[in-house]
Amino acid sequence: MTVKFWQDDKVFFVELANPPVNAINLAVRRGLHDALMAQKAAAGIDRVVLMGSDRIFAAGGDAREFDAPPVAPHLPDLLAMIEVSEVPWIAVINGAALGGGLELALACRYRIAGPKAQLGLPEVLLGVVPGAGGTQRLPRLIGFSAALQMITSGKPITADKGLTLGLINRIDNAPKAAAIAITADDLHTIVPVSNLPNSVMDDAILAKVNAGLSHRAAGQIAPIKAAELVAVTSYASFGEGMAAERDCFLTLRQSAQARALRHLFFAERGAKAPAELASYSSTINKVVVVGGGTMGAGIAHSLISAGVETVTIENNDASATAAIARAESLIEAGMKRGLITPERATEMRACHRISTDYASARNADIAIEAVFEDMALKQTVFQKLQTVMPANAILASNTSYLDIDEIAGVLDDPSRLIGLHFFVPAHIMKLLEIVKGEASAPTALAAGFALARRLGKIPVVAGVCDGFIGNRILARYREAADLLLLTGATPAQIDHAMTSFGYAMGPYETQDLSGLDHAYANRRRQDASRDPNRLYVKIADLMVEAGRLGRKSGLGWYSYDTVGQAKADPAVDSLITEAAATAGVTRRHYSDDDITHRLLLAMINEAASILDEAIAESAADIDLVSVLGYGFPRWRGGLMHYANQIGMAEILAGLETLSLEDNAIWQPCKLIKDIAAAGRGFT
Ligand code: NAI
């Protein structure tokens, strides 16, 4: 029974009971229908109290049903019946009421929330619009502007905010008791939401929200459609608005964008420890972070935010002082953004110690090393750690590229070591690559997954290779981009093409932001092992050698004025054309499509090799890495999902054409040839 109902004196109770999140699927819709019929037949009742569990009201429609045609009873019809019921329904909202869950509450005559309730319509994040009256009822209830912002952002609001906006009627610590205590007269004076007057359109707010969407959600259809539907509430009848909403919802749920977003939604939920690790339990009471630089500070902040006792070990007193300042600046920034209260800041500070003494790692469960990217240094750090830490403590390196097996080789017990590759800024970025070395033990991997869970990160397992999953693909992206520079494009053209595709930033803007020197040092490390038959474009090296390190030096692929505004720089153009002349290349014109075509094929080809070599365990994992770590547009579903949409035959043909220009760089990966021949895609 996913919906329970019973009568107790004058109150008819309906309880959603579809754990874990009360997703509103067909069984729940049928249950609600049965409850409605039973309530109609019940004698002597003066109210219906609709509840979820203690933790959650309902998290929305069940996205697993969205690929198939809708099956009756449909939610909008049920909600219409609830709304016109002679006996008023009261929603008791203990936890989250999201999507269809909030729409259900909006159809009730009265809404009482517990103080921890969250209220939201996140449908646009799944590429659809609310489909059961959310776009039509919410603006009538809370006004055009507030509804527009909630619906187009998909962001939930708190119970307090909901009360201020009039979305709920009251907050009560015991909302169920409160629902029973309301006088029947009070209930009957309240007008159903659909009978409220039209919303009052605010052109200025609509223009502002639309401008924000064209920047923040460029290329995405659902938020724009949602805004249009909210506008409908200012002039059309409720019935007309409902018909428009339903049409739009049904069209969008079959759209490529909604499918892509659902694919990622399920990929994110599927990213957890595999069944074979289930029997390994992990203790994470205390973690030591070695190196309190950019990454170490972010990792430590993430740990103390999750309440994990943390010690950061630094090299010497001066570095420790700098690390303390870095840790403090992250707390301050969190407070400024309203994410950390002063009390919480005090607790977080109390959770974190910074030391120069390795002995402070003595009783830690896990060590995460984030010192400079240097093999010998990392090996020394781990040798020191193994002398002070318990033999069963887990050791992890945050290296971006280095060989985990080579690091593990200097340990007495190499099975203790894994890679934990965080992304910058480590306290914000959701992705965590868990690198599985040749010797890595299941206990160590299980600890990596447990830590990801504790920190709210999305874990993806990667095998050992230069750059693991993400940075290895990134290297090919940059190579293909530099090749375009050499043969005709400019940094601004390439950045423009990739932002038009949906990236928030193009490859050169990104490099300017993160600094060109790290990648330069990395290329020097790779010099000895680079394939001599592969064309090496030197332009990025020339940039660094000319002192152009990116934003931090005021000059990079662009030049920056005092307020940080980027401008194309003729000096960069000269550097590029000189490099082309030296290499004997005649430069040609590339269109935006030529640019995206080449850069995407380069990434897809490398990703296919990564899959073929089992460096990644699934195509969905590569999708997660591309979206969560490297800015691939979420609404395109990730690199491999996108490749599947194009089709393997077309990808193969594209690579074969390009390989006529340079067979070393564009040679199609074997997996692509195989699955194109088999008429399949990446799975
Ligand atoms: P960073 O230069 O900001 O910080 C390194 C810190 O390690 C410095 O504070 C330094 O004083 C400290 N350190 C050096 N030797 C030490 C020792 N023997 N004991 C204790 N502390 C020591 O470097 P960043 O950017 O934080 O990188 C650290 C690691 O994280 C590198 O392996 C890097 O490849 C990796 N990484 C960097 C990313 C980035 O975008 N910056 C992203 C992901 C990984």
# chains A, B, ... in the order shown; residues from 1 in each chain; ligands from 1
$ residues_near_ligand --ligand "ligand 1" --cutoff "8 Å" --atoms "only C-alpha atoms and all ligand atoms" --output "PyMOL selection string"
chain A and resi 290-297+313-316+319-320+322-323+356+369-374+377-378+380-381+397-402+421-426+514+518
$ residues_around --residues "Arg262 of chain A" --least-positions-apart "3" --cutoff "10 Å" --atoms "only C-alpha atoms" --output "list in words"
Ala63, Arg64, Phe66, Asp67, Leu125, Leu126, Gly127, Arg253, Ala256, Gln257, Ala258, Arg259, Phe265, Phe266, Ala267, Glu268, Trp635 and Gly637 of chain A
$ select_by_dssp --residues "segment 368-481 of chain A" --states "alpha helix (DSSP H)" --output "ChimeraX atom specification"
/A:375-388,404-408,442-455,470-481
$ closest_atom_pairs --of "segment 233-344 of chain A" --to "segment 69-85 of chain A" --cutoff "12 Å" --atoms "only C-alpha atoms" --output "CSV"
residue,atom,partner,partner_atom,distance
A:Phe238,CA,A:Ala80,CA,11.2
A:Gly239,CA,A:Ala80,CA,10.5
A:Met242,CA,A:Pro76,CA,8.5
A:Ala243,CA,A:Pro76,CA,10.1
A:Glu245,CA,A:Pro76,CA,10.2
A:Arg246,CA,A:Pro76,CA,8.5
A:Phe249,CA,A:Pro70,CA,11.1
A:Leu250,CA,A:Pro70,CA,8.6
A:Thr251,CA,A:Pro69,CA,11.1
A:Arg253,CA,A:Pro69,CA,9.8
A:Gln254,CA,A:Pro69,CA,9.3
$ atom_distance --atom1 "atom CA of Ala447 of chain A" --atom2 "atom CA of Ile284 of chain A"
8.1 Å
$ select_by_dssp --residues "segment 445-644 of chain A" --states "strand (DSSP E or B)" --output "PyMOL selection string"
chain A and resi 458-463+550+555+558-560+566-568+616
$ closest_residue --among "A:Ile157, A:Ser282, A:Ile610, A:Leu264" --to "Tyr642 of chain A" --atoms "only C-alpha atoms"
A:Leu264
$ closest_residue --among "A:Met51, A:Val537, A:Val625, A:Ile221" --to "Ala177 of chain A" --atoms "only C-alpha atoms"
A:Met51
$ residues_around --residues "Asp593 of chain A" --least-positions-apart "6" --cutoff "12 Å" --atoms "only C-alpha atoms" --output "list in words"
Gln493, Ile494, His496, Ala497, Met498, Ser500, Phe501, Leu599, Leu600 and Leu601 of chain A
$ write_last_selection --atoms "all heavy atoms" --output "compact mmCIF listing (two decimals), in the first residue's frame"
# COMPACT_ATOMS: atom_id res chain seq x y z
N GLN A 493 37.80 33.02 -30.72
CA GLN A 493 36.89 32.26 -31.59
C GLN A 493 36.58 30.89 -30.98
O GLN A 493 35.44 30.44 -30.98
CB GLN A 493 37.60 31.99 -32.91
CG GLN A 493 37.10 32.78 -34.07
CD GLN A 493 37.90 32.34 -35.30
OE1 GLN A 493 39.12 32.18 -35.25
NE2 GLN A 493 37.18 32.15 -36.39
N ILE A 494 37.61 30.25 -30.47
CA ILE A 494 37.42 28.91 -29.89
C ILE A 494 36.57 29.01 -28.63
O ILE A 494 35.63 28.23 -28.43
CB ILE A 494 38.79 28.24 -29.61
CG1 ILE A 494 39.50 27.99 -30.94
CG2 ILE A 494 38.62 26.94 -28.82
CD1 ILE A 494 40.93 27.48 -30.82
N HIS A 496 34.41 31.26 -27.94
CA HIS A 496 33.04 31.60 -28.34
C HIS A 496 32.30 30.36 -28.83
O HIS A 496 31.15 30.10 -28.46
CB HIS A 496 33.06 32.69 -29.42
CG HIS A 496 31.69 33.00 -29.93
ND1 HIS A 496 31.19 32.48 -31.10
CD2 HIS A 496 30.69 33.73 -29.38
CE1 HIS A 496 29.94 32.89 -31.26
NE2 HIS A 496 29.61 33.65 -30.23
N ALA A 497 32.98 29.55 -29.63
CA ALA A 497 32.32 28.33 -30.16
C ALA A 497 31.93 27.40 -29.01
O ALA A 497 30.82 26.84 -29.00
CB ALA A 497 33.27 27.61 -31.12
N MET A 498 32.79 27.26 -28.03
CA MET A 498 32.49 26.30 -26.96
C MET A 498 31.44 26.84 -25.98
O MET A 498 30.65 26.07 -25.45
CB MET A 498 33.78 25.89 -26.21
CG MET A 498 34.78 25.13 -27.06
SD MET A 498 34.05 23.89 -28.20
CE MET A 498 33.69 22.53 -27.09
N SER A 500 29.06 28.79 -26.97
CA SER A 500 27.80 28.64 -27.72
C SER A 500 27.30 27.20 -27.64
O SER A 500 26.10 26.96 -27.65
CB SER A 500 27.99 29.00 -29.20
OG SER A 500 28.47 30.30 -29.30
N PHE A 501 28.22 26.27 -27.56
CA PHE A 501 27.82 24.86 -27.42
C PHE A 501 27.18 24.61 -26.05
O PHE A 501 26.38 23.70 -25.89
CB PHE A 501 29.06 23.97 -27.60
CG PHE A 501 28.80 22.50 -27.43
CD1 PHE A 501 28.17 21.77 -28.45
CD2 PHE A 501 29.15 21.84 -26.26
CE1 PHE A 501 27.92 20.41 -28.29
CE2 PHE A 501 28.89 20.48 -26.10
CZ PHE A 501 28.27 19.77 -27.12
N LEU A 599 36.79 19.68 -31.50
CA LEU A 599 37.09 19.54 -30.07
C LEU A 599 36.28 18.39 -29.45
O LEU A 599 36.78 17.64 -28.61
CB LEU A 599 36.81 20.85 -29.33
CG LEU A 599 37.69 22.03 -29.75
CD1 LEU A 599 37.52 23.20 -28.79
CD2 LEU A 599 39.16 21.66 -29.80
N LEU A 600 35.04 18.26 -29.88
CA LEU A 600 34.21 17.19 -29.32
C LEU A 600 34.69 15.83 -29.80
O LEU A 600 34.78 14.89 -29.00
CB LEU A 600 32.73 17.43 -29.66
CG LEU A 600 32.16 18.62 -28.89
CD1 LEU A 600 30.88 19.11 -29.53
CD2 LEU A 600 31.92 18.26 -27.43
N LEU A 601 35.05 15.73 -31.07
CA LEU A 601 35.55 14.44 -31.56
C LEU A 601 36.84 14.04 -30.84
O LEU A 601 37.03 12.86 -30.51
CB LEU A 601 35.79 14.49 -33.06
CG LEU A 601 34.56 14.36 -33.96
CD1 LEU A 601 34.98 14.28 -35.42
CD2 LEU A 601 33.72 13.13 -33.61
$ residues_around --residues "segment 343-353 of chain A" --least-positions-apart "2" --cutoff "12 Å" --atoms "only C-alpha atoms" --output "MDAnalysis selection string"
chainID A and resid 285:290 292 297 299:314 320:321 323:325 327:336 338:341 355:357 360:361
$ closest_residue --among "A:Gly44, A:Leu455, A:Asn663, A:Ala113" --to "Ile428 of chain A" --atoms "only C-alpha atoms"
A:Leu455
$ closest_residue --among "A:Ile576, A:Asp512, A:Leu660, A:Ser237" --to "Tyr560 of chain A" --atoms "only C-alpha atoms"
A:Asp512
$ atom_distance --atom1 "atom CA of Val49 of chain A" --atom2 "atom CA of Leu148 of chain A"
28.9 Å
$ closest_residue --among "A:Leu196, A:Ile404, A:Ile180, A:Ala519" --to "Leu474 of chain A" --atoms "only C-alpha atoms"
A:Ala519
$ closest_residue --among "A:Ala376, A:Ile368, A:Ile665, A:Met429" --to "Arg476 of chain A" --atoms "only C-alpha atoms"
A:Ile665
$ residues_around --residues "Ala619 of chain A" --least-positions-apart "2" --cutoff "8 Å" --atoms "only C-alpha atoms" --output "PyMOL selection string"
chain A and resi 611+616-617+621-623+640-641+682-683
$ residues_around --residues "Asp517 of chain A" --least-positions-apart "4" --cutoff "8 Å" --atoms "only C-alpha atoms" --output "ChimeraX atom specification"
/A:521,544,549
$ atom_distance --atom1 "atom CA of Val48 of chain A" --atom2 "atom CA of Val11 of chain A"
5.9 Å
$ residues_around --residues "Leu652 of chain A" --least-positions-apart "5" --cutoff "10 Å" --atoms "only C-alpha atoms" --output "PyMOL selection string"
chain A and resi 601+605+647+657-658+667-669+672-677
